[in-house]
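Visitor: Quick one, run_8.cif (mmCIF, C-alpha atoms):
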```
data_protein
loop_
_atom_site.label_atom_id
_atom_site.label_comp_id
_atom_site.auth_asym_id
_atom_site.auth_seq_id
_atom_site.Cartn_x
_atom_site.Cartn_y
_atom_site.Cartn_z
CA MET A 1 3.53 -30.76 0.02
CA MET A 2 1.18 -30.00 2.87
CA PRO A 3 -1.03 -26.91 2.37
CA ASP A 4 -0.82 -23.89 4.65
CA ASN A 5 -3.35 -23.98 7.43
CA PRO A 6 -4.03 -21.80 10.48
CA ARG A 7 -2.54 -24.31 12.95
CA ARG A 8 1.19 -23.97 13.41
CA ALA A 9 3.25 -27.13 13.35
CA THR A 10 5.27 -27.60 16.57
CA LEU A 11 8.55 -29.34 17.33
CA ALA A 12 6.50 -32.10 18.92
CA THR A 13 4.55 -32.57 15.67
CA VAL A 14 7.76 -32.98 13.67
CA ALA A 15 9.36 -35.19 16.33
CA ALA A 16 6.35 -37.55 16.37
CA SER A 17 6.41 -37.83 12.57
CA ALA A 18 10.13 -38.63 12.60
CA GLY A 19 9.96 -40.98 15.57
CA VAL A 20 12.64 -39.00 17.44
CA SER A 21 12.70 -36.78 20.49
CA VAL A 22 11.89 -33.07 20.52
CA ALA A 23 15.48 -32.49 21.64
CA THR A 24 16.76 -34.14 18.44
CA VAL A 25 14.57 -31.91 16.27
CA SER A 26 15.82 -28.89 18.20
CA LYS A 27 19.42 -29.95 17.57
CA VAL A 28 18.77 -30.15 13.83
CA LEU A 29 17.21 -26.68 13.84
CA ASN A 30 20.18 -25.27 15.73
CA GLY A 31 22.74 -26.93 13.44
CA ARG A 32 24.20 -29.19 16.10
CA SER A 33 26.66 -31.80 14.81
CA ASP A 34 25.70 -34.63 17.20
CA VAL A 35 22.87 -35.94 15.01
CA ALA A 36 23.26 -38.89 12.63
CA PRO A 37 23.19 -37.82 8.94
CA ALA A 38 20.20 -40.04 8.13
CA THR A 39 18.24 -38.68 11.07
CA ARG A 40 19.18 -35.11 10.18
CA SER A 41 18.00 -35.64 6.58
CA LEU A 42 14.69 -37.13 7.76
CA VAL A 43 14.02 -34.32 10.24
CA GLU A 44 14.90 -31.60 7.72
CA SER A 45 12.55 -33.20 5.20
CA LEU A 46 9.71 -33.30 7.73
CA LEU A 47 10.35 -29.71 8.78
CA ARG A 48 9.80 -28.69 5.18
CA GLU A 49 6.79 -30.98 4.77
CA HIS A 50 5.08 -29.59 7.87
CA GLU A 51 6.16 -26.07 6.84
CA TYR A 52 7.49 -25.48 10.33
CA VAL A 53 8.02 -21.84 11.30
CA PRO A 54 9.47 -21.05 14.75
CA ALA A 55 7.09 -18.94 16.77
CA THR A 56 8.28 -15.45 17.60
CA PRO A 57 7.85 -14.65 21.29
CA ARG A 58 5.79 -11.70 22.48
CA ARG A 59 8.29 -8.94 23.02
CA GLU A 60 8.75 -5.27 23.68
CA PRO A 61 9.52 -3.04 20.69
CA CYS A 62 13.05 -3.75 19.52
CA GLY A 63 14.93 -5.13 16.56
CA SER A 64 13.89 -4.04 13.07
CA VAL A 65 10.69 -3.81 11.05
CA GLU A 66 10.46 -4.69 7.36
CA LEU A 67 8.80 -1.98 5.23
CA GLN A 68 8.02 -3.74 1.97
CA PHE A 69 6.89 -2.24 -1.34
CA ASP A 70 5.74 -4.27 -4.33
CA ASP A 71 7.06 -1.92 -7.02
CA ASP A 72 9.83 0.58 -7.73
CA LEU A 73 10.02 3.44 -5.24
CA ASN A 74 8.61 6.84 -6.20
CA ALA A 75 7.56 10.13 -4.55
CA TYR A 76 4.66 8.37 -2.78
CA SER A 77 7.01 5.71 -1.40
CA THR A 78 9.43 8.36 -0.13
CA GLU A 79 6.75 9.99 2.01
CA ILE A 80 5.78 6.65 3.58
CA ILE A 81 9.44 5.84 4.29
CA GLN A 82 10.06 9.25 5.86
CA GLY A 83 7.15 8.78 8.25
CA ALA A 84 8.15 5.26 9.26
CA VAL A 85 11.86 6.11 9.65
CA HIS A 86 11.16 9.19 11.79
CA ALA A 87 8.78 7.23 14.03
CA GLY A 88 11.33 4.41 14.26
CA ALA A 89 14.06 6.83 15.31
CA GLU A 90 11.86 8.13 18.14
CA ILE A 91 11.07 4.62 19.35
CA GLY A 92 14.51 3.13 18.74
CA VAL A 93 13.50 0.64 16.05
CA GLY A 94 15.32 0.18 12.76
CA ILE A 95 13.42 0.21 9.44
CA VAL A 96 14.52 -2.07 6.60
CA VAL A 97 13.07 -1.08 3.20
CA SER A 98 12.65 -3.80 0.59
CA ILE A 99 10.98 -4.44 -2.75
CA LYS A 100 8.69 -7.46 -2.78
CA LYS A 101 9.92 -10.38 -4.82
CA ASP A 102 8.21 -13.69 -5.49
CA ALA A 103 7.66 -14.98 -1.98
CA GLY A 104 7.67 -18.60 -3.19
CA ARG A 105 6.80 -20.92 -0.35
CA SER A 106 5.03 -18.81 2.26
CA THR A 107 6.66 -20.46 5.25
CA ALA A 108 10.17 -20.10 3.82
CA TRP A 109 9.49 -16.40 3.17
CA VAL A 110 8.31 -15.88 6.76
CA ARG A 111 11.20 -17.95 8.11
CA ASP A 112 13.63 -15.63 6.30
CA LEU A 113 11.98 -12.57 7.88
CA ILE A 114 12.29 -14.10 11.34
CA ALA A 115 15.88 -15.19 10.75
CA ALA A 116 16.71 -11.60 9.76
CA GLY A 117 15.41 -10.43 13.13
CA ARG A 118 12.26 -8.70 11.95
CA THR A 119 9.77 -7.67 14.63
CA ALA A 120 6.93 -7.05 12.17
CA LEU A 121 6.11 -6.57 8.50
CA ILE A 122 4.56 -3.42 7.03
CA ALA A 123 3.44 -3.94 3.44
CA VAL A 124 2.66 -1.14 1.01
CA THR A 125 1.16 -3.26 -1.68
CA CYS A 126 -0.70 -2.95 -4.96
CA GLU A 127 -1.55 -6.63 -4.94
CA GLN A 128 -3.45 -8.67 -2.42
CA LEU A 129 -1.21 -10.85 -0.29
CA ALA A 130 -1.94 -14.52 -0.79
CA ASP A 131 -4.01 -16.18 1.93
CA GLN A 132 -1.11 -18.60 2.45
CA GLN A 133 1.25 -15.69 3.16
CA VAL A 134 -1.13 -14.10 5.66
CA ALA A 135 -1.67 -17.49 7.34
CA ALA A 136 2.07 -18.15 7.56
CA LEU A 137 2.65 -14.75 9.18
CA ALA A 138 -0.16 -15.44 11.68
CA ARG A 139 1.25 -18.86 12.59
CA ALA A 140 4.63 -17.31 13.26
CA ARG A 141 3.01 -14.50 15.26
CA LEU A 142 4.77 -11.97 13.05
CA PRO A 143 2.47 -8.90 12.90
CA LEU A 144 1.35 -7.60 9.52
CA VAL A 145 0.12 -4.06 8.83
CA LEU A 146 -0.93 -2.87 5.36
CA ILE A 147 -0.61 0.78 4.32
CA ASP A 148 -3.21 2.30 1.98
CA PRO A 149 -4.16 -1.15 0.63
CA LEU A 150 -5.55 -1.19 -2.87
CA ASN A 151 -7.65 -4.20 -1.92
CA LEU A 152 -8.77 -4.80 1.66
CA GLN A 153 -8.30 -8.39 2.77
CA SER A 154 -10.05 -10.20 5.59
CA ALA A 155 -11.24 -8.26 8.62
CA SER A 156 -8.41 -9.81 10.65
CA VAL A 157 -5.71 -8.00 8.63
CA THR A 158 -4.71 -4.64 10.11
CA SER A 159 -4.42 -1.66 7.77
CA VAL A 160 -3.86 2.10 7.79
CA GLY A 161 -5.35 4.27 5.05
CA SER A 162 -7.00 7.62 4.43
CA THR A 163 -10.44 9.03 3.65
CA ASN A 164 -10.32 8.46 -0.11
CA PHE A 165 -14.02 9.12 -0.72
CA ALA A 166 -13.83 12.45 1.08
CA GLY A 167 -10.70 13.31 -0.89
CA GLY A 168 -12.37 12.61 -4.23
CA LEU A 169 -15.41 14.60 -3.12
CA ALA A 170 -13.29 17.62 -2.08
CA ALA A 171 -11.25 17.63 -5.31
CA THR A 172 -14.33 17.58 -7.52
CA ARG A 173 -16.25 20.12 -5.43
CA HIS A 174 -13.28 22.49 -5.77
CA LEU A 175 -13.43 22.25 -9.56
CA LEU A 176 -17.22 22.69 -9.54
CA SER A 177 -16.83 25.81 -7.36
CA LEU A 178 -14.62 27.27 -10.11
CA GLY A 179 -17.42 26.84 -12.64
CA HIS A 180 -16.20 23.63 -14.30
CA ARG A 181 -18.84 21.16 -15.42
CA ARG A 182 -16.86 19.08 -17.92
CA ILE A 183 -14.62 17.31 -15.37
CA ALA A 184 -12.76 14.08 -16.19
CA TYR A 185 -11.20 11.53 -13.83
CA VAL A 186 -7.91 9.85 -14.78
CA GLY A 187 -7.27 7.27 -12.06
CA GLY A 188 -5.56 4.06 -11.05
CA PRO A 189 -6.64 0.40 -11.40
CA ALA A 190 -10.41 0.11 -11.77
CA THR A 191 -10.57 -2.73 -9.22
CA ALA A 192 -8.47 -0.98 -6.56
CA ALA A 193 -10.48 -0.06 -3.45
CA CYS A 194 -8.77 3.32 -2.99
CA ASN A 195 -9.34 4.23 -6.65
CA GLN A 196 -12.98 3.20 -6.42
CA ALA A 197 -13.45 5.38 -3.32
CA ARG A 198 -11.91 8.43 -5.04
CA LEU A 199 -14.03 7.79 -8.13
CA HIS A 200 -17.18 7.47 -6.01
CA GLY A 201 -16.36 10.81 -4.35
CA TYR A 202 -15.95 12.35 -7.81
CA ARG A 203 -19.29 10.96 -9.00
CA ALA A 204 -21.08 11.98 -5.78
CA ALA A 205 -19.92 15.59 -6.13
CA LEU A 206 -21.06 15.75 -9.76
CA GLU A 207 -24.43 14.17 -8.99
CA ALA A 208 -25.05 16.55 -6.07
CA GLU A 209 -24.43 19.49 -8.43
CA GLY A 210 -26.57 18.01 -11.20
CA ALA A 211 -23.56 17.78 -13.50
CA PRO A 212 -23.32 14.71 -15.75
CA VAL A 213 -20.49 12.20 -15.91
CA ILE A 214 -19.82 12.54 -19.63
CA PRO A 215 -19.11 9.27 -21.51
CA GLY A 216 -15.36 8.72 -21.90
CA TYR A 217 -14.49 11.05 -19.02
CA VAL A 218 -13.43 8.24 -16.64
CA TRP A 219 -10.13 6.55 -17.51
CA ALA A 220 -8.45 3.78 -15.50
CA GLY A 221 -4.77 2.84 -15.64
CA HIS A 222 -2.08 2.66 -12.97
CA PHE A 223 -0.75 5.22 -10.52
CA ARG A 224 2.20 6.14 -12.76
CA TYR A 225 3.32 9.15 -14.83
CA HIS A 226 3.05 7.22 -18.11
CA ASP A 227 -0.59 6.42 -17.36
CA GLY A 228 -1.20 10.13 -16.85
CA LEU A 229 0.19 10.76 -20.32
CA LEU A 230 -2.06 8.09 -21.83
CA GLY A 231 -5.17 8.97 -19.84
CA GLY A 232 -4.69 12.70 -20.33
CA ALA A 233 -4.37 12.19 -24.08
CA ALA A 234 -7.45 9.96 -24.16
CA VAL A 235 -9.79 12.47 -22.47
CA LEU A 236 -8.29 15.62 -24.05
CA ASP A 237 -8.69 14.16 -27.55
CA LEU A 238 -12.44 13.61 -27.08
CA PRO A 239 -14.71 15.70 -29.35
CA LYS A 240 -15.93 17.52 -26.25
CA ALA A 241 -12.77 17.79 -24.17
CA PRO A 242 -12.92 18.43 -20.41
CA THR A 243 -12.07 21.82 -18.97
CA ALA A 244 -10.74 20.17 -15.79
CA ILE A 245 -9.17 16.83 -14.87
CA PHE A 246 -8.99 15.15 -11.46
CA ALA A 247 -6.02 12.76 -11.40
CA GLY A 248 -5.81 9.73 -9.09
CA CYS A 249 -2.35 10.69 -7.80
CA ASP A 250 0.27 13.43 -8.22
CA GLU A 251 2.39 11.36 -10.58
CA VAL A 252 -0.60 10.78 -12.86
CA ALA A 253 -1.43 14.51 -12.65
CA LEU A 254 2.04 15.40 -13.95
CA GLY A 255 1.49 13.08 -16.90
CA VAL A 256 -1.89 14.73 -17.56
CA MET A 257 -0.27 18.18 -17.46
CA GLU A 258 2.35 17.12 -19.99
CA ALA A 259 -0.33 15.64 -22.25
CA ALA A 260 -2.14 18.99 -22.12
CA ARG A 261 1.02 20.93 -22.97
CA ALA A 262 1.71 18.62 -25.92
CA ARG A 263 -1.67 19.73 -27.30
CA GLY A 264 -0.89 23.41 -26.88
CA LEU A 265 -3.12 23.78 -23.82
CA ARG A 266 -2.18 26.08 -20.94
CA ILE A 267 -2.60 25.12 -17.29
CA PRO A 268 -4.75 26.38 -15.67
CA ASP A 269 -5.99 28.82 -18.37
CA ASP A 270 -7.30 26.13 -20.73
CA VAL A 271 -7.54 23.13 -18.42
CA SER A 272 -7.38 22.83 -14.62
CA VAL A 273 -5.69 19.81 -13.02
CA VAL A 274 -6.02 18.40 -9.49
CA GLY A 275 -3.77 15.63 -8.14
CA TYR A 276 -3.86 13.36 -5.12
CA ASP A 277 -1.29 12.64 -2.33
CA ASP A 278 0.57 15.99 -2.00
CA THR A 279 4.04 14.52 -2.50
CA HIS A 280 7.04 16.75 -3.13
CA VAL A 281 6.47 16.57 -6.90
CA ALA A 282 3.20 18.50 -6.41
CA ARG A 283 5.12 21.47 -5.03
CA MET A 284 7.79 21.18 -7.74
CA ALA A 285 5.31 21.06 -10.63
CA SER A 286 4.89 24.02 -12.98
CA PRO A 287 2.49 25.48 -12.06
CA PRO A 288 2.43 24.06 -8.51
CA LEU A 289 -0.22 21.37 -8.32
CA THR A 290 -3.55 21.69 -6.53
CA THR A 291 -3.92 18.32 -4.84
CA VAL A 292 -5.59 16.32 -2.09
CA ARG A 293 -3.15 15.84 0.76
CA GLN A 294 -3.03 12.22 1.86
CA PRO A 295 -1.13 12.17 5.20
CA LEU A 296 1.45 9.66 3.99
CA ARG A 297 4.12 10.38 6.60
CA GLU A 298 1.57 10.11 9.39
CA MET A 299 0.34 6.84 7.87
CA GLY A 300 3.88 5.44 7.84
CA GLY A 301 4.37 6.39 11.48
CA MET A 302 1.01 5.03 12.58
CA ALA A 303 1.61 1.75 10.75
CA LEU A 304 4.93 1.32 12.58
CA ARG A 305 3.49 2.09 16.00
CA THR A 306 0.55 -0.24 15.35
CA ALA A 307 2.85 -3.07 14.22
CA LEU A 308 4.95 -2.72 17.36
CA ARG A 309 1.88 -2.73 19.60
CA LEU A 310 0.80 -5.98 17.96
CA ALA A 311 4.30 -7.42 18.39
CA ALA A 312 4.14 -6.57 22.10
CA GLY A 313 0.84 -8.45 22.42
CA GLU A 314 -1.28 -5.34 22.93
CA ARG A 315 -4.88 -5.05 21.77
CA ILE A 316 -5.73 -2.38 19.21
CA ASP A 317 -9.04 -0.52 18.99
CA SER A 318 -9.60 -0.97 15.26
CA ARG A 319 -8.21 -3.20 12.52
CA HIS A 320 -8.59 -0.44 9.93
CA VAL A 321 -7.81 3.23 10.53
CA GLU A 322 -8.42 6.05 8.06
CA LEU A 323 -6.64 9.40 8.50
CA ALA A 324 -8.22 12.60 7.21
CA THR A 325 -7.38 14.04 3.77
CA GLU A 326 -7.20 17.77 2.98
CA LEU A 327 -7.48 19.80 -0.23
CA ILE A 328 -4.40 21.94 -0.93
CA VAL A 329 -5.08 24.68 -3.49
CA ARG A 330 -2.17 25.85 -5.65
CA GLY A 331 -1.72 27.23 -9.14
CA SER A 332 -2.94 24.39 -11.38
CA THR A 333 -6.64 25.23 -11.00
CA ALA A 334 -8.56 28.38 -12.01
CA PRO A 335 -12.11 29.42 -12.91
CA VAL A 336 -13.34 27.97 -16.18
CA SER A 337 -12.48 30.25 -19.09
CA GLY A 338 -15.24 31.88 -21.10
#
```
Once more with this new file: its structure as structure tokens, please.
Guide:
Amino acid sequence: MMPDNPRRATLATVAASAGVSVATVSKVLNGRSDVAPATRSLVESLLREHEYVPATPRREPCGSVELQFDDDLNAYSTEIIQGAVHAGAEIGVGIVVSIKKDAGRSTAWVRDLIAAGRTALIAVTCEQLADQQVAALARARLPLVLIDPLNLQSASVTSVGSTNFAGGLAATRHLLSLGHRRIAYVGGPATAACNQARLHGYRAALEAEGAPVIPGYVWAGHFRYHDGLLGGAAVLDLPKAPTAIFAGCDEVALGVMEAARARGLRIPDDVSVVGYDDTHVARMASPPLTTVRQPLREMGGMALRTALRLAAGERIDSRHVELATELIVRGSTAPVSG
């Protein structure tokens, strides 16, 4: 098997390898019947060997855009989808939502996207796309935009995110302003760029106030409710338990709140909790959750508009855009007791 490389194989490349005309290769691709079986078999084999992907022409916004997630959908996903769908309705572009499966051979995966009529791919991913996948998309001129990537890839990959450091800073400063000094952070994957930025904001706020990061007060898991239960239990069971917890996302915050309740602690009387994202679960929580608003709907809309600009051959000003975050204060935080 030939490895992926930045240069796209052409019909002429395949035709030269097979010793046939470009027209014959084109007939095989189009399923024409006037090609000898042996020739058809040879050409099909060489198309696979050269990992041929038909180039997508530069075009005005039309067709559909694939919005792909790499895990089960949740409240965070819903906000992204809402933003992309609303923007698509205004532009006249359909949005197809999918869950990432094993892409297998990169070129076959891209070929399937093109065959399905996709104009671009927007990926909301917890895992870094393989270099072969990015290269295959580039060869096919199928634009790729990442939303809130956990790990930034090469500078050539376009992404839309938010000001995670500023969000972590604002959340922790809010708790400090309420008199808390024993503040824990229960976050997502330790290696994730967005989690690292929120954690750095948390540490920066504590250091500026002269408050220590107490050993055991930083816990890393995943951005899921169950991890909030585990992380909340871990920090609340410490000999010197925190009086406030900053959670890496709303779903984790709900898990932390349940872990506190299971230990007979009242929120916010005994422990204050701050989330991140401001999804609908933050407003439905009891008490309503103080959280950092990440403009997820706006990010979904911007990612779609950026992908369509790339598909139309337009230049964009920046390969990475960060939208502003905002602290939303609700009932889950209060001045430290005592």
Visitor: Nearest to A:Gly83 among A:Leu310, A:Gly300, A:Ala108, A:Leu265, with distances taken over all atoms listed in the file: which residue is it?
Guide: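 With all atoms listed in the file as the atom set, the closest residue is A:Gly300.
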Visitor: Just so the selection is clear, what residues does the PyMOL selection byres ((chain A and resi 245) around 8) cover here, as a VMD selection string?
Guide: chain A and resid 183 to 186 242 to 244 246 to 247 271 to 274
Visitor: Could you check how far atom CA of A:Ser64 sits from atom CA of A:Met299, in Å to one decimal?
Guide: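 Pair atom CA of A:Ser64 / atom CA of A:Met299 returns 18.1 Å.
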Visitor: Quick one: residues within 7 Å of stretch 18-33 of chain A, all atoms listed in the file, excluding same-chain residues fewer than 5 positions away - as JSON, numbers by chain?
Guide: {"A": [11, 12, 40, 42, 43]}
Visitor: Return the single residue from A:Leu67, A:Gly216, A:Arg315, A:Gly168 that is closest to A:Gly88, with distances computed using only C-alpha atoms.
Guide: A:Leu67
Visitor: Identify the residues around (-13.4, 25.9, -16.0) within a radius of 10 Å, measuring from only C-alpha atoms in the coordinates stated by the file, and give them as a ChimeraX atom specification.
Guide: /A:175-183,242-244,268-272,333-338
Visitor: Between atom CA of A:Val157 and atom CA of A:Ile81, what distance in Å does the model show, to one decimal?
Guide: 21.0 Å
Visitor: Between A:Leu137, A:Ile99, A:Ala220, A:Leu150, which has the minimum distance to A:Arg111 (counting only C-alpha atoms)?
Guide: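 Of the candidates, the smallest distance to A:Arg111 is held by A:Leu137.
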Visitor: From the list A:Arg330, A:Ala211, A:Gly248, A:Ala253, which residue is nearest A:Pro287 when using all atoms listed in the file?
Guide: A:Arg330
Visitor: Would you pick out the contacts of A:Ala171 at 10 Å or less, using all atoms listed in the file, so that residues sharing its chain but fewer than 5 positions from it are not included, and give the list as a list in words?
Guide: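 Listing them by chain and then by number gives Ala166, Leu176, Arg198, Gly201, Tyr202, Ala205, Ile245, Phe246, Ala247, Val273, Val274, Gly275, Tyr276, Thr290, Thr291, Val292, Glu326, Leu327, Ile328 and Val329 of chain A.
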Visitor: In Å, rounded to a single decimal, give me how far atom CA of A:Ala204 is from atom CA of A:Val321.
Guide: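 Here the two named atoms are 22.8 Å from each other.
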Visitor: Taking all atoms listed in the file into account, which of A:Gly255, A:Pro239, A:Pro295, A:Gly331 comes nearest A:Arg283?
Guide: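 Answer, going by the shortest atom-to-atom distance: A:Gly331.
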Visitor: What lies within 7 Å of A:Tyr225 using all atoms listed in the file, ignoring chain neighbours under 2 positions off, as a PyMOL selection string?
Guide: chain A and resi 227-229+251-252+254-255
Visitor: I'd like to know which of A:Ile91, A:Ala155, A:Ala197, A:Val145 is closest to A:Leu169, using only C-alpha atoms.
Guide: A:Ala197
Visitor: Would you kindly translate the PyMOL selection byres ((chain A and resi 143) around 10) into the concrete residues it picks from this file, as JSON, numbers by chain?
Guide: {"A": [56, 65, 118, 119, 120, 121, 122, 134, 137, 138, 140, 141, 142, 144, 145, 157, 158, 306, 307, 308, 309, 310, 311, 312, 313]}
Visitor: Once the PyMOL selection byres ((chain A and resi 52) around 9) has been applied to the shown file, what residues remain in the selection, as a PyMOL selection string?
Guide: chain A and resi 8-11+14+46-51+53-54+107-108+111
Visitor: Just add N, CA and C atoms to stretch 195-214 of chain A and send it as a PDB file, in the coordinates of the input.
Guide:
```pdb
ATOM      1  N   ASN A 195      -8.930   3.549  -5.417  1.00  0.00           N
ATOM      2  CA  ASN A 195      -9.340   4.230  -6.650  1.00  0.00           C
ATOM      3  C   ASN A 195     -10.853   4.296  -6.752  1.00  0.00           C
ATOM      4  N   GLN A 196     -11.522   3.217  -6.380  1.00  0.00           N
ATOM      5  CA  GLN A 196     -12.980   3.200  -6.420  1.00  0.00           C
ATOM      6  C   GLN A 196     -13.557   4.247  -5.478  1.00  0.00           C
ATOM      7  N   ALA A 197     -12.950   4.400  -4.287  1.00  0.00           N
ATOM      8  CA  ALA A 197     -13.450   5.380  -3.320  1.00  0.00           C
ATOM      9  C   ALA A 197     -13.270   6.802  -3.849  1.00  0.00           C
ATOM     10  N   ARG A 198     -12.130   7.098  -4.472  1.00  0.00           N
ATOM     11  CA  ARG A 198     -11.910   8.430  -5.040  1.00  0.00           C
ATOM     12  C   ARG A 198     -12.883   8.684  -6.188  1.00  0.00           C
ATOM     13  N   LEU A 199     -13.103   7.664  -7.013  1.00  0.00           N
ATOM     14  CA  LEU A 199     -14.030   7.790  -8.130  1.00  0.00           C
ATOM     15  C   LEU A 199     -15.456   7.996  -7.636  1.00  0.00           C
ATOM     16  N   HIS A 200     -15.842   7.295  -6.574  1.00  0.00           N
ATOM     17  CA  HIS A 200     -17.180   7.470  -6.010  1.00  0.00           C
ATOM     18  C   HIS A 200     -17.359   8.878  -5.453  1.00  0.00           C
ATOM     19  N   GLY A 201     -16.297   9.423  -4.837  1.00  0.00           N
ATOM     20  CA  GLY A 201     -16.360  10.810  -4.350  1.00  0.00           C
ATOM     21  C   GLY A 201     -16.544  11.784  -5.498  1.00  0.00           C
ATOM     22  N   TYR A 202     -15.830  11.537  -6.594  1.00  0.00           N
ATOM     23  CA  TYR A 202     -15.950  12.350  -7.810  1.00  0.00           C
ATOM     24  C   TYR A 202     -17.380  12.307  -8.348  1.00  0.00           C
ATOM     25  N   ARG A 203     -17.928  11.110  -8.467  1.00  0.00           N
ATOM     26  CA  ARG A 203     -19.290  10.960  -9.000  1.00  0.00           C
ATOM     27  C   ARG A 203     -20.317  11.601  -8.063  1.00  0.00           C
ATOM     28  N   ALA A 204     -20.122  11.430  -6.749  1.00  0.00           N
ATOM     29  CA  ALA A 204     -21.080  11.980  -5.780  1.00  0.00           C
ATOM     30  C   ALA A 204     -21.126  13.497  -5.865  1.00  0.00           C
ATOM     31  N   ALA A 205     -19.956  14.135  -6.027  1.00  0.00           N
ATOM     32  CA  ALA A 205     -19.920  15.590  -6.130  1.00  0.00           C
ATOM     33  C   ALA A 205     -20.631  16.075  -7.393  1.00  0.00           C
ATOM     34  N   LEU A 206     -20.399  15.380  -8.507  1.00  0.00           N
ATOM     35  CA  LEU A 206     -21.060  15.750  -9.760  1.00  0.00           C
ATOM     36  C   LEU A 206     -22.578  15.576  -9.656  1.00  0.00           C
ATOM     37  N   GLU A 207     -23.004  14.444  -9.104  1.00  0.00           N
ATOM     38  CA  GLU A 207     -24.430  14.170  -8.990  1.00  0.00           C
ATOM     39  C   GLU A 207     -25.128  15.184  -8.089  1.00  0.00           C
ATOM     40  N   ALA A 208     -24.461  15.575  -6.988  1.00  0.00           N
ATOM     41  CA  ALA A 208     -25.050  16.550  -6.070  1.00  0.00           C
ATOM     42  C   ALA A 208     -25.234  17.906  -6.747  1.00  0.00           C
ATOM     43  N   GLU A 209     -24.371  18.211  -7.712  1.00  0.00           N
ATOM     44  CA  GLU A 209     -24.430  19.490  -8.430  1.00  0.00           C
ATOM     45  C   GLU A 209     -25.313  19.403  -9.667  1.00  0.00           C
ATOM     46  N   GLY A 210     -25.765  18.190 -10.003  1.00  0.00           N
ATOM     47  CA  GLY A 210     -26.570  18.010 -11.200  1.00  0.00           C
ATOM     48  C   GLY A 210     -25.755  18.026 -12.468  1.00  0.00           C
ATOM     49  N   ALA A 211     -24.448  17.809 -12.330  1.00  0.00           N
ATOM     50  CA  ALA A 211     -23.560  17.780 -13.500  1.00  0.00           C
ATOM     51  C   ALA A 211     -23.400  16.339 -13.963  1.00  0.00           C
ATOM     52  N   PRO A 212     -23.408  16.090 -15.254  1.00  0.00           N
ATOM     53  CA  PRO A 212     -23.320  14.710 -15.750  1.00  0.00           C
ATOM     54  C   PRO A 212     -21.888  14.183 -15.749  1.00  0.00           C
ATOM     55  N   VAL A 213     -21.771  12.854 -15.644  1.00  0.00           N
ATOM     56  CA  VAL A 213     -20.490  12.200 -15.910  1.00  0.00           C
ATOM     57  C   VAL A 213     -20.502  11.876 -17.403  1.00  0.00           C
ATOM     58  N   ILE A 214     -19.776  12.649 -18.170  1.00  0.00           N
ATOM     59  CA  ILE A 214     -19.820  12.540 -19.630  1.00  0.00           C
ATOM     60  C   ILE A 214     -19.136  11.252 -20.074  1.00  0.00           C
TER      61      ILE A 214
END
```
